[in-house]
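Below: input32.cif (mmCIF, C-alpha atoms and all ligand atoms)
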```
data_coords
#
loop_
_atom_site.label_atom_id
_atom_site.label_comp_id
_atom_site.auth_asym_id
_atom_site.auth_seq_id
_atom_site.Cartn_x
_atom_site.Cartn_y
_atom_site.Cartn_z
CA MET A 1 36.60 -86.08 -25.54
CA LYS A 2 39.65 -84.50 -23.91
CA SER A 3 40.75 -80.99 -24.70
CA SER A 4 44.26 -79.72 -25.39
CA VAL A 5 43.43 -76.08 -25.97
CA ASP A 6 46.05 -73.35 -26.00
CA PHE A 7 44.96 -70.25 -24.02
CA VAL A 8 46.48 -67.68 -26.37
CA LYS A 9 45.73 -69.32 -29.69
CA GLY A 10 42.52 -71.08 -28.69
CA PRO A 11 41.86 -74.62 -29.85
CA SER A 12 43.94 -75.90 -32.73
CA ASN A 13 42.00 -76.08 -35.99
CA GLU A 14 41.87 -79.84 -35.77
CA GLU A 15 40.69 -79.77 -32.17
CA ARG A 16 38.08 -77.12 -32.89
CA LYS A 17 36.73 -79.09 -35.85
CA LYS A 18 36.23 -82.11 -33.61
CA ILE A 19 34.50 -80.01 -30.96
CA ASP A 20 32.30 -78.23 -33.52
CA LEU A 21 31.29 -81.55 -35.05
CA TYR A 22 30.41 -82.91 -31.65
CA ASN A 23 28.49 -79.71 -30.81
CA ARG A 24 26.44 -79.97 -33.99
CA GLY A 25 25.66 -83.54 -33.01
CA VAL A 26 24.55 -82.30 -29.56
CA VAL A 27 22.12 -79.79 -31.08
CA ASN A 28 20.69 -82.34 -33.50
CA PHE A 29 20.46 -85.12 -30.94
CA TYR A 30 18.78 -83.05 -28.24
CA LYS A 31 16.52 -81.19 -30.62
CA ALA A 32 15.24 -84.50 -32.02
CA LYS A 33 14.81 -85.94 -28.53
CA PHE A 34 12.95 -82.87 -27.25
CA LEU A 35 10.71 -82.74 -30.31
CA LYS A 36 9.72 -86.33 -29.61
CA ASP A 37 9.13 -85.55 -25.92
CA LEU A 38 7.11 -82.41 -26.64
CA LYS A 39 4.97 -84.11 -29.27
CA SER A 40 4.18 -87.17 -27.15
CA GLU A 41 3.15 -85.24 -24.04
CA LEU A 42 3.20 -81.62 -22.98
CA ASN A 43 3.16 -80.90 -19.29
CA GLN A 44 5.33 -79.27 -16.64
CA GLU A 45 7.26 -82.46 -15.89
CA VAL A 46 8.31 -82.89 -19.51
CA ILE A 47 9.55 -79.29 -19.70
CA LEU A 48 11.48 -79.53 -16.43
CA ASN A 49 13.06 -82.84 -17.51
CA ILE A 50 14.23 -81.35 -20.79
CA ILE A 51 16.08 -78.54 -19.02
CA ASP A 52 17.41 -80.87 -16.33
CA THR A 53 18.80 -83.19 -19.00
CA CYS A 54 20.53 -80.27 -20.71
CA TYR A 55 22.03 -78.88 -17.51
CA LYS A 56 23.42 -82.29 -16.56
CA HIS A 57 24.85 -83.04 -19.98
CA GLY A 58 26.22 -79.52 -20.36
CA ASP A 59 27.90 -79.59 -16.94
CA ASN A 60 29.58 -82.93 -17.64
CA TYR A 61 30.77 -81.87 -21.07
CA PHE A 62 31.98 -78.49 -19.79
CA ALA A 63 33.96 -80.25 -17.05
CA GLU A 64 35.44 -82.68 -19.57
CA LEU A 65 36.53 -79.91 -21.92
CA SER A 66 37.96 -77.90 -19.02
CA ILE A 67 40.52 -80.59 -18.17
CA ASP A 68 44.08 -79.64 -19.07
CA LEU A 69 43.26 -76.09 -20.15
CA PRO A 70 46.27 -73.78 -19.77
CA ASN A 71 44.28 -71.57 -17.36
CA GLU A 72 41.97 -72.72 -14.63
CA ILE A 73 38.39 -71.43 -14.68
CA ALA A 74 38.11 -68.90 -11.84
CA CYS A 75 34.31 -68.92 -11.52
CA LYS A 76 32.82 -70.50 -8.43
CA LYS A 77 29.65 -70.20 -6.38
CA GLY A 78 30.06 -67.18 -4.15
CA CYS A 79 31.57 -64.92 -6.79
CA GLY A 80 29.09 -62.48 -8.34
CA TYR A 81 31.10 -59.83 -10.18
CA CYS A 82 29.67 -60.76 -13.56
CA CYS A 83 26.09 -61.12 -12.28
CA HIS A 84 25.33 -57.52 -13.29
CA THR A 85 24.08 -57.75 -16.83
CA ILE A 86 21.07 -58.72 -18.95
CA VAL A 87 20.67 -62.51 -18.79
CA MET A 88 18.79 -64.22 -21.62
CA VAL A 89 16.75 -67.42 -21.43
CA THR A 90 14.02 -69.15 -23.40
CA PRO A 91 10.60 -69.67 -21.73
CA ALA A 92 11.24 -73.40 -21.10
CA GLU A 93 14.33 -72.56 -19.05
CA LEU A 94 12.45 -69.79 -17.27
CA PHE A 95 9.87 -72.33 -16.00
CA TYR A 96 12.67 -74.52 -14.63
CA ILE A 97 14.18 -71.60 -12.71
CA TYR A 98 10.82 -70.40 -11.44
CA ASN A 99 9.99 -73.93 -10.25
CA TYR A 100 13.34 -74.09 -8.43
CA ILE A 101 12.66 -70.77 -6.71
CA MET A 102 9.19 -71.93 -5.66
CA THR A 103 10.15 -75.42 -4.46
CA SER A 104 13.78 -75.33 -3.30
CA LEU A 105 14.27 -71.99 -1.57
CA ASP A 106 13.09 -70.79 1.83
CA ASP A 107 10.40 -68.12 2.13
CA LEU A 108 12.80 -65.33 3.07
CA THR A 109 15.14 -65.94 0.11
CA ARG A 110 12.17 -66.19 -2.25
CA ALA A 111 10.74 -62.91 -0.91
CA LYS A 112 14.11 -61.18 -1.44
CA ILE A 113 14.28 -62.48 -5.01
CA PHE A 114 10.72 -61.45 -5.83
CA GLY A 115 11.32 -57.99 -4.33
CA GLY A 116 14.48 -57.62 -6.43
CA ILE A 117 12.65 -58.71 -9.59
CA LYS A 118 9.83 -56.23 -9.03
CA ASN A 119 12.30 -53.37 -8.46
CA GLN A 120 14.28 -54.22 -11.54
CA VAL A 121 11.21 -54.61 -13.78
CA GLN A 122 10.15 -51.17 -12.55
CA TYR A 123 13.60 -49.78 -13.39
CA PHE A 124 13.38 -51.31 -16.90
CA HIS A 125 10.01 -49.68 -17.55
CA GLY A 126 10.22 -46.89 -20.15
CA ARG A 127 13.97 -47.34 -20.70
CA SER A 128 15.54 -48.64 -23.90
CA TRP A 129 17.67 -51.80 -23.69
CA PHE A 130 20.70 -49.69 -24.62
CA GLU A 131 20.07 -47.37 -21.69
CA ILE A 132 19.46 -50.28 -19.35
CA TYR A 133 22.65 -52.00 -20.46
CA SER A 134 24.75 -48.84 -20.01
CA ASN A 135 24.71 -49.10 -16.21
CA PRO A 136 25.78 -52.60 -15.07
CA ARG A 137 25.53 -51.76 -11.36
CA LYS A 138 21.77 -51.29 -11.78
CA LEU A 139 21.57 -54.75 -13.38
CA ARG A 140 22.46 -56.70 -10.27
CA CYS A 141 20.72 -60.06 -10.74
CA PRO A 142 17.87 -60.43 -8.19
CA MET A 143 19.04 -64.01 -7.58
CA LEU A 144 22.41 -62.72 -6.32
CA ILE A 145 22.08 -62.63 -2.56
CA ASP A 146 25.05 -61.77 -0.33
CA PHE A 147 27.09 -61.80 -3.52
CA SER A 148 26.30 -65.47 -4.10
CA CYS A 149 23.90 -67.05 -6.61
CA SER A 150 20.89 -68.30 -4.64
CA ILE A 151 19.80 -70.58 -7.50
CA TYR A 152 23.26 -71.90 -8.38
CA GLN A 153 22.08 -75.46 -9.17
CA ALA A 154 19.37 -74.05 -11.44
CA ARG A 155 21.28 -71.13 -12.94
CA THR A 156 20.80 -70.46 -16.63
CA PHE A 157 22.66 -71.85 -19.65
CA VAL A 158 24.15 -68.39 -20.13
CA CYS A 159 25.39 -68.23 -16.54
CA ARG A 160 26.83 -71.76 -16.74
CA GLY A 161 28.76 -71.00 -19.90
CA TYR A 162 30.01 -67.58 -18.84
CA HIS A 163 33.43 -67.99 -17.32
CA GLY A 164 36.45 -65.96 -16.37
CA ILE A 165 40.07 -66.86 -15.99
CA LYS A 166 41.23 -63.97 -13.82
CA LYS A 167 39.13 -63.09 -10.82
CA ASN A 168 40.97 -59.78 -10.30
CA PHE A 169 40.02 -58.66 -13.80
CA CYS A 170 36.34 -59.35 -13.03
CA LYS A 171 36.64 -57.52 -9.71
CA ASN A 172 38.22 -54.50 -11.36
CA GLN A 173 35.56 -54.34 -14.08
CA TYR A 174 32.83 -54.59 -11.46
CA GLN A 175 34.37 -51.87 -9.29
CA ASN A 176 34.50 -49.57 -12.30
CA ASN A 177 30.88 -50.32 -13.26
CA LEU A 178 31.98 -51.94 -16.54
CA HIS A 179 30.58 -55.00 -18.24
CA ILE A 180 32.61 -58.13 -17.68
CA SER A 181 33.25 -59.90 -20.93
CA GLN A 182 35.75 -62.46 -19.86
CA ALA A 183 34.41 -65.60 -21.44
CA ASN A 184 37.80 -66.71 -22.55
CA TYR A 185 37.24 -70.08 -24.11
CA GLY A 186 34.71 -69.85 -26.92
CA HIS A 187 34.35 -73.61 -27.18
CA LEU A 188 33.23 -73.74 -23.53
CA VAL A 189 30.59 -71.04 -24.05
CA ASP A 190 29.33 -73.05 -27.03
CA VAL A 191 28.64 -76.07 -24.82
CA TYR A 192 25.65 -74.40 -23.20
CA GLN A 193 24.79 -72.22 -26.19
CA ASN A 194 24.11 -75.42 -28.14
CA HIS A 195 21.71 -76.72 -25.54
CA LEU A 196 19.96 -73.36 -25.48
CA VAL A 197 19.53 -73.50 -29.25
CA ALA A 198 18.27 -77.11 -29.17
CA VAL A 199 15.59 -76.28 -26.57
CA GLY A 200 14.48 -73.04 -28.28
CA GLU A 201 14.26 -74.60 -31.74
CA ALA A 202 12.39 -77.69 -30.53
CA CYS A 203 9.82 -75.48 -28.78
CA GLU A 204 9.34 -73.27 -31.82
CA GLU A 205 8.86 -76.29 -34.07
CA VAL A 206 5.89 -77.44 -32.02
CA GLY A 207 4.38 -73.94 -31.93
CA LEU A 208 5.62 -72.84 -28.50
CA GLU A 209 7.40 -69.54 -27.80
CA GLY A 210 11.10 -70.39 -27.87
CA ASP A 211 12.79 -67.09 -28.54
CA TYR A 212 15.22 -65.38 -26.15
CA ILE A 213 13.71 -63.24 -23.43
CA SER A 214 15.05 -61.36 -20.42
CA LEU A 215 15.35 -63.59 -17.34
CA VAL A 216 14.21 -60.84 -14.99
CA LYS A 217 11.31 -59.63 -17.12
CA GLY A 218 10.23 -63.22 -17.76
CA LEU A 219 10.21 -64.01 -14.04
CA GLY A 220 8.24 -60.80 -13.47
CA ILE A 221 5.57 -62.12 -15.84
CA LEU A 222 5.46 -65.50 -14.07
CA ILE A 223 5.04 -63.80 -10.70
CA ASP A 224 2.13 -61.71 -12.00
CA GLN A 225 0.47 -64.47 -14.03
CA PRO A 226 0.28 -67.83 -12.21
CA ASP A 227 -1.36 -69.43 -15.28
CA ALA A 228 1.39 -68.28 -17.68
CA MET A 229 2.84 -71.77 -18.17
CA GLU A 230 -0.54 -73.23 -19.04
CA LYS A 231 -1.14 -70.45 -21.56
CA TRP A 232 2.33 -71.00 -23.02
CA MET A 233 1.65 -74.72 -23.41
CA ASN A 234 -1.52 -73.79 -25.29
CA GLY A 235 0.57 -71.87 -27.79
CA GLU A 236 -0.20 -68.36 -26.49
CA LYS A 237 2.44 -65.66 -26.73
CA VAL A 238 2.89 -64.97 -23.07
CA PHE A 239 6.35 -63.47 -23.01
CA ALA A 240 6.20 -60.82 -25.72
CA ASP A 241 6.82 -58.09 -23.11
CA ALA A 242 10.01 -59.83 -21.96
CA ALA A 243 11.51 -59.97 -25.46
CA VAL A 244 14.75 -58.08 -25.88
CA ASP A 245 15.18 -55.78 -28.85
CA LYS A 246 16.96 -57.70 -31.65
CA ALA A 247 18.95 -54.64 -32.79
CA PHE A 248 20.26 -54.28 -29.25
CA LEU A 249 21.17 -57.97 -29.04
CA THR A 250 23.06 -57.80 -32.32
CA ALA A 251 24.88 -54.64 -31.25
CA VAL A 252 26.09 -55.87 -27.87
CA GLN A 253 26.22 -59.62 -28.65
CA ILE A 254 25.10 -60.91 -25.31
S1 LIG B 301 21.24 -66.51 -12.03
FE1 LIG B 301 22.91 -66.70 -10.55
S2 LIG B 301 24.78 -66.93 -11.78
FE2 LIG B 301 23.18 -66.11 -13.14
S3 LIG B 301 23.41 -63.87 -13.08
FE3 LIG B 301 21.89 -64.43 -11.51
S4 LIG B 301 23.06 -64.66 -9.61
FE4 LIG B 301 24.53 -64.73 -11.32
#
```

Write the structure described by the file as structure tokens, please.
Ligand code: SF4
Amino acid sequence: MKSSVDFVKGPSNEERKKIDLYNRGVVNFYKAKFLKDLKSELNQEVILNIIDTCYKHGDNYFAELSIDLPNEIACKKGCGYCCHTIVMVTPAELFYIYNYIMTSLDDLTRAKIFGGIKNQVQYFHGRSWFEIYSNPRKLRCPMLIDFSCSIYQARTFVCRGYHGIKKNFCKNQYQNNLHISQANYGHLVDVYQNHLVAVGEACEEVGLEGDYISLVKGLGILIDQPDAMEKWMNGEKVFADAAVDKAFLTAVQI
């Protein structure tokens, strides 16, 4: 499907209807597929494959929809202005990222990431989500090393869908310690949002935690509890402490 989206007006109604229809199909298709996968066998490989499938499909579809847009997407590996916020994932995605950190990164990078996660979890402790969110500079993602995403291939659905058109705008917001909310093309954000929904809903339907949690707090739990994935696969609520307040989520819409 090719896109002919106007930057100012957004997609035409007709175009948007086609995209929305396709997106609904994506959610239904992947949810059904994942339900089948999860019911037939539940192990680490199945979970990692589900996320891998989503990342690949999402990336291809995002690239397809990005063709011929009036403004080029400015985001590239090596730019980290927007990596100072609260990033949300579901547990299944968290396992994929944790596995990538454990198997694809060198010891020094992994140690830096783990140190950053521990510091940030400590900073979160005793603070409300509103207070935490009010200071973006303190929310530097622990995976951002030398201002570049160290897990770029395994970055989250949210990170993949977040995109800016003007790098200078992002830079300016960052320099002024403001949140960067420059996801200009809603239909592109939806690409990954739909995969996120499909994964979360499929997990919840088979009795697994599938709600949104904080990436950093979730990774903190995985570092402290090596058997967390096993417990999660047994239906235990492992990530309750990483849940983000629903009132806060509704208020800031991240
Ligand atoms: S995971 Fe990577 S892209 Fe996402 S916020 Fe962290 S550093 Fe940025």

Sort by chain and increasing residue number a table of all residues of chain A within 9 Å of ligand LIG 301 (chain B), each with its closest pair of atoms and their distance in Å to one decimal, counting only C-alpha atoms and all ligand atoms, and write it as a tab-separated table.
```
residue	atom	partner	partner_atom	distance
A:Lys77	CA	B:LIG301	S2	8.0
A:Cys79	CA	B:LIG301	FE4	8.4
A:Gly80	CA	B:LIG301	FE4	5.9
A:Tyr81	CA	B:LIG301	FE4	8.3
A:Cys82	CA	B:LIG301	FE4	6.9
A:Cys83	CA	B:LIG301	S3	3.9
A:His84	CA	B:LIG301	S3	6.6
A:Thr85	CA	B:LIG301	S3	7.2
A:Ile86	CA	B:LIG301	S3	8.2
A:Val87	CA	B:LIG301	S3	6.5
A:Ile97	CA	B:LIG301	S1	8.7
A:Arg140	CA	B:LIG301	S3	7.8
A:Cys141	CA	B:LIG301	FE3	4.6
A:Pro142	CA	B:LIG301	FE3	6.6
A:Met143	CA	B:LIG301	S4	4.6
A:Leu144	CA	B:LIG301	S4	3.9
A:Ile145	CA	B:LIG301	S4	7.4
A:Phe147	CA	B:LIG301	S4	7.8
A:Ser148	CA	B:LIG301	S4	6.4
A:Cys149	CA	B:LIG301	S4	3.9
A:Ser150	CA	B:LIG301	FE1	6.4
A:Ile151	CA	B:LIG301	FE1	5.8
A:Tyr152	CA	B:LIG301	FE1	5.6
A:Gln153	CA	B:LIG301	FE1	8.9
A:Ala154	CA	B:LIG301	S1	7.8
A:Arg155	CA	B:LIG301	S1	4.7
A:Thr156	CA	B:LIG301	FE2	6.1
A:Phe157	CA	B:LIG301	FE2	8.7
A:Val158	CA	B:LIG301	FE2	7.4
A:Cys159	CA	B:LIG301	FE2	4.6
A:Arg160	CA	B:LIG301	S2	7.2
A:Tyr162	CA	B:LIG301	S2	8.8
A:Leu215	CA	B:LIG301	S1	8.5
```

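Between CA of Trp232 in chain A and CA of Leu38 in chain A there is a distance of 12.9 Å.
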
Please put the answer as lines of an AutoDock Vina configuration file: centre and edge lengths, in Å with one decimal, of a box along x, y and z that encloses all listed atoms of range 190-202 of chain A plus 8 Å on each side.
```
center_x = 20.9
center_y = -75.0
center_z = -27.5
size_x = 32.9
size_y = 21.5
size_z = 24.5
```

Length of the CA of Ile117 in chain A to CA of Gly220 in chain A vector [Å]: 6.2 Å

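Remark: for His163 in chain A, the closest of the candidate residues A:Asn23, A:Asn60, A:Asn176, A:Asn184 is A:Asn184 (distances computed over all atoms listed in the file).
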
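With all atoms listed in the file as the basis for measurement, A:Ala202 is the residue among A:Ala251, A:Leu139, A:Ala202, A:Ile223 that approaches Lys31 in chain A most closely.
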
How far is it from CA of Lys76 in chain A to CA of Gln193 in chain A, in Å with one decimal?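 Taking CA of Lys76 in chain A as the start and CA of Gln193 in chain A as the end point, the length is 19.6 Å.
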
Pick from A:Arg137, A:Ile73, A:Asp146, A:Ser12: nearest to Ile180 in chain A, with all atoms listed in the file counted?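 Result for the nearest residue to Ile180 in chain A: A:Arg137.
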
Between A:Glu205, A:Asp52, A:Asp227, A:Asp241, single out the one closest to Lys36 in chain A, counting only C-alpha atoms.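 Distance minimum relative to Lys36 in chain A lands on A:Glu205.
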
Mind listing whatever residues come within 10 Å of the point (11.4, -71.4, -17.0)? Use only C-alpha atoms, file coordinates, and give them as number ranges by chain. A: 44, 47-48, 51, 89-100, 156, 215, 218-219, 222, 229

Which polymer residues have any atom within 12 Å of an atom of Phe130 in chain A, counting only C-alpha atoms, with same-chain residues fewer than 2 positions away left out, as number ranges by chain? A: 85-86, 124, 126-128, 132-136, 244-252
